[in-house]
Amino acid sequence: MRTYVLKRLLLIVPTLLGVASLVFVIMRVIPGDVTLLILGGDQAGRVDAAQIAAMKHRLGIDQPLLVQFGTWLWGVLRFDFGTSLWSGRPVVEELLIRLPLSLELALAATLVSVLIAIPLGMLAAVRQDSWVDYLIRVVSIGGLAIPSFWVGILCILLLVIYFGWGPPLEFTPPWVDPWANFQQMVWPVVTVGYRYAAVTTRMTRSTVLEVLREDYIRTAWAKGLRERVVVVRHALKNAMLPVITLIGTEFAFLIGGLVVTETVFTLNGVGRFVVDAVAHRDYPVVQALVFLIAFGFVIVNLLVDLTYAWLDPRIRYR
Amino acid sequence: MATRVLAHAPASAPLAARLTTREEVVKFIRTKPLGAAGALIILAMLAVAALAEPLAPYDPYRGDYGLQFARPSAEHWFGTDEFGRDVLSRVMHGARIALFVGFTASLAGCTIGGLLGAVSAFLGGKVDLLLERLMDVLLAFPQLILALAVASILGPAVQNVVIAISIPIIPRAARVVRATALSVKENVYVEAVSALGASRRRVIAQHILPNVVAPYIIMLTAQLGGAILAEAALSYLGLGAAEPTPSWGLMLSGSAPSYAEKAPWIALFPGMAISLAVFGFNLFGDSLRDALDPKLRGR
């Protein structure tokens with residue numbers, strides 16, 4: 001086990017180095033000069049060459065690419081992701097302003113979806129091939145089919161038309177005004193949570209079905225146990241392993257969900273920050289965010305694998 | 001006597017009568033009603049895409065400022081948009097783009113990924129290690145941001161969206177095919193053909209690839225819906241098809257939400273089209289997976 005963890009931890013290094021190199025190269029290849037974007041130019045879009053050179057020097061992007069990459073990597077090791085080319089503020093500081101919103105959205109969406117998905121998935125499995133099962137399957141496949149930004153647009157449409165409500169522009173943290181925060185976050189949470197719930201429902205249904213065919217479940221039935229005891233105490237507990245994996249695999253989708261949902265609801269979170277940073281060619285911001293998301297992805301996946309071994313003593317890693 | 005009977009008996013008696021294609025279809029509809037519904041949606045969509053030109057009531061590009069924001073009516077079933085263009089005609093032509101992007105992106109991503117996975121499994125050693133690390137990097141790279149970045153580099157155009165969407169599919173397909181190929185590689189017949197002097201290329205092409213076709217097809221159908229959604233998301237974020245292309249995602253972007261009160265149909269119908277198409281592909285893909293995966297049969 002210790003060797004396995006060590007091996008996995010060591011493998012994280014080349015993966016993150018690869019991600020860092022890839023995002024660095026991509027950002028430099030994207031057409032559009034950040035200095036031109038910042039300077040704007042005159043009415044005809046012309047900018048003085050000396051001005052461009054001065055701006056490049058000020059931003060530190062006049063250095064050779066390898067030097068820029070090295071400087072950036074050295075900064076990452078010290079948890080210094082540089083400063084935003086647009087605002088001039090440290091990237092970490094910019095990120096910390098937006099993180100509470102995205103974190104709240106992600107956690108609430110995950111919580112809501114798990115609370116809905118596990119009972120529904122279980123019900124669909126227990127009532128396999130009945131109308132209840134079909135209904136739950138159709139609703140969950142629908143959750144995967146409906147684009148989250150369209151769910152968001154529909155929410156806004158309904159709220160605007162029927163309640164005259166528009167999404168607030170300023171984020172109110174829950175510790176400042178819980179009710180205002182709830183009003184602001186409930187629809188984005190529904191939008192992100194529906195897709196998440198759909199995936200989890202399907203996974204729960206399929207794993208509960210698999211477990212329900214095991215011998216020990218037949219034994220539990222033969223003992224004359226009640227359906228609730230058999231399903232909840234015996235089947236569900238063992239069916240939860242693959243569902244936990246979802247937390248890891250769905251992490252990337254969650255980020256994607258945040259990007260579009262925050263754009264639809266004009267929420268100033270990390271997702272929207274990424275889109276804006278790509279559009280503005282704000283290299284340090286995109287590099288930092290991609291690196292941190294990738295870091296989160298590999299760590300979450302490692303934790304999920306380790307949780308597997310902890311929950312199921314039959315699993316032994318080499 | 002007994003010997004004569006045995007001599008006339010077939011080597012292995014069939015377990016069940018072979019079904020005709022028609023019977024196979026009827027059986028599929030009866031056992032997998034949701035999958036059949038999915039197939040029906042896909043067929044309808046293919047028909048609309050193929051016949052968009054003669055079927056669409058209006059030119060999807062021609063605007064009429066006298067007809068801006070017309071409500072759904074007998075003349076314009078889905079109403080008109082802010083330029084007075086017929087929404088139904090644009091939705092019908094949009095099916096072409098959605099299907100084109102969906103099919104080509106998932107085909108390209110799954111094929112490149114599948115080939116890399118098969119080669120990685122067969123060659124093993126340093127090649128496998130290197131390819132696996134490369135796939136790790138692509139998997140850890142946030143999917144939508146990768147697509148966003150690639151689309152930004154290549155510029156807003158439908159063919160560039162295909163490239164942007166197919167790249168994140170590659171590592172997923174490579175993983176699935178590699179795992180299957182690794183188990184196929186262990187089979188005795190692969191060892192036998194290698195011992196008979198077959199070249200590596202021949203072993204991969206003729207003995208390993210045909211055996212990884214089932215997971216490849218499952219992966220392909222599973223990615224189709226996702227690719228359509230990704231195209232819509234990229235177009236919505238302004239990095240997909242450019243105006244005035246009738247892309248479903250593009251029809252939802254920019255102005256559609258701002259006309260929520262005035263003309264909700266502008267955002268309603270393209271969204272319904274995306275959802276229905278992905279819904280159809282997901283239903284069909286699920287049933288196909290159930291049919292091809294022996295562990296899931298009857299589930």
# chains A, B, ... in the order shown; residues from 1 in each chain; ligands from 1

$ residues_around --residues "Ala20 of chain A" --least-positions-apart "3" --cutoff "12 Å" --atoms "only C-alpha atoms" --output "VMD selection string"
(chain A and resid 13 to 17 23 to 27 69 to 70 72 to 74 76 to 77 81 283 to 284 286 to 295) or (chain B and resid 137 to 138 140 to 141)

$ interface_residues --of "chain A" --to "chain B" --cutoff "9 Å" --atoms "only C-alpha atoms" --output "ChimeraX atom specification"
/A:11,14-19,22-23,26-27,29-31,128-129,134,138,141-151,153-154,156-158,160-161,206,209-210,252-253,255-256,259-260,263-264,274-275,278-279,290-291,293-298

$ closest_residue --among "B:Leu129, B:Ile112, B:Pro215, B:Pro246" --to "Asp59 of chain B" --atoms "only C-alpha atoms"
B:Pro246

$ atom_distance --atom1 "atom CA of Leu85 of chain A" --atom2 "atom CA of Ile165 of chain B"
28.3 Å

$ residues_around --residues "Glu262 of chain A" --least-positions-apart "6" --cutoff "7 Å" --atoms "only C-alpha atoms" --output "list in words"
Asn268, Gly269, Gly271 and Arg272 of chain A

$ write_last_selection --atoms "C-alpha atoms" --output "PDB file, in the first residue's frame"
ATOM      1  CA  ASN A 268     -18.155  36.357 -10.795  1.00  0.00           C
ATOM      2  CA  GLY A 269     -16.662  32.952  -9.990  1.00  0.00           C
ATOM      3  CA  GLY A 271     -15.385  29.453 -14.097  1.00  0.00           C
ATOM      4  CA  ARG A 272     -16.150  32.821 -15.614  1.00  0.00           C
TER       5      ARG A 272
END

$ residues_around --residues "Val208 of chain A" --least-positions-apart "5" --cutoff "9 Å" --atoms "only C-alpha atoms" --output "PyMOL selection string"
chain A and resi 121-122+125-126+203+213+231+235-236+238-240
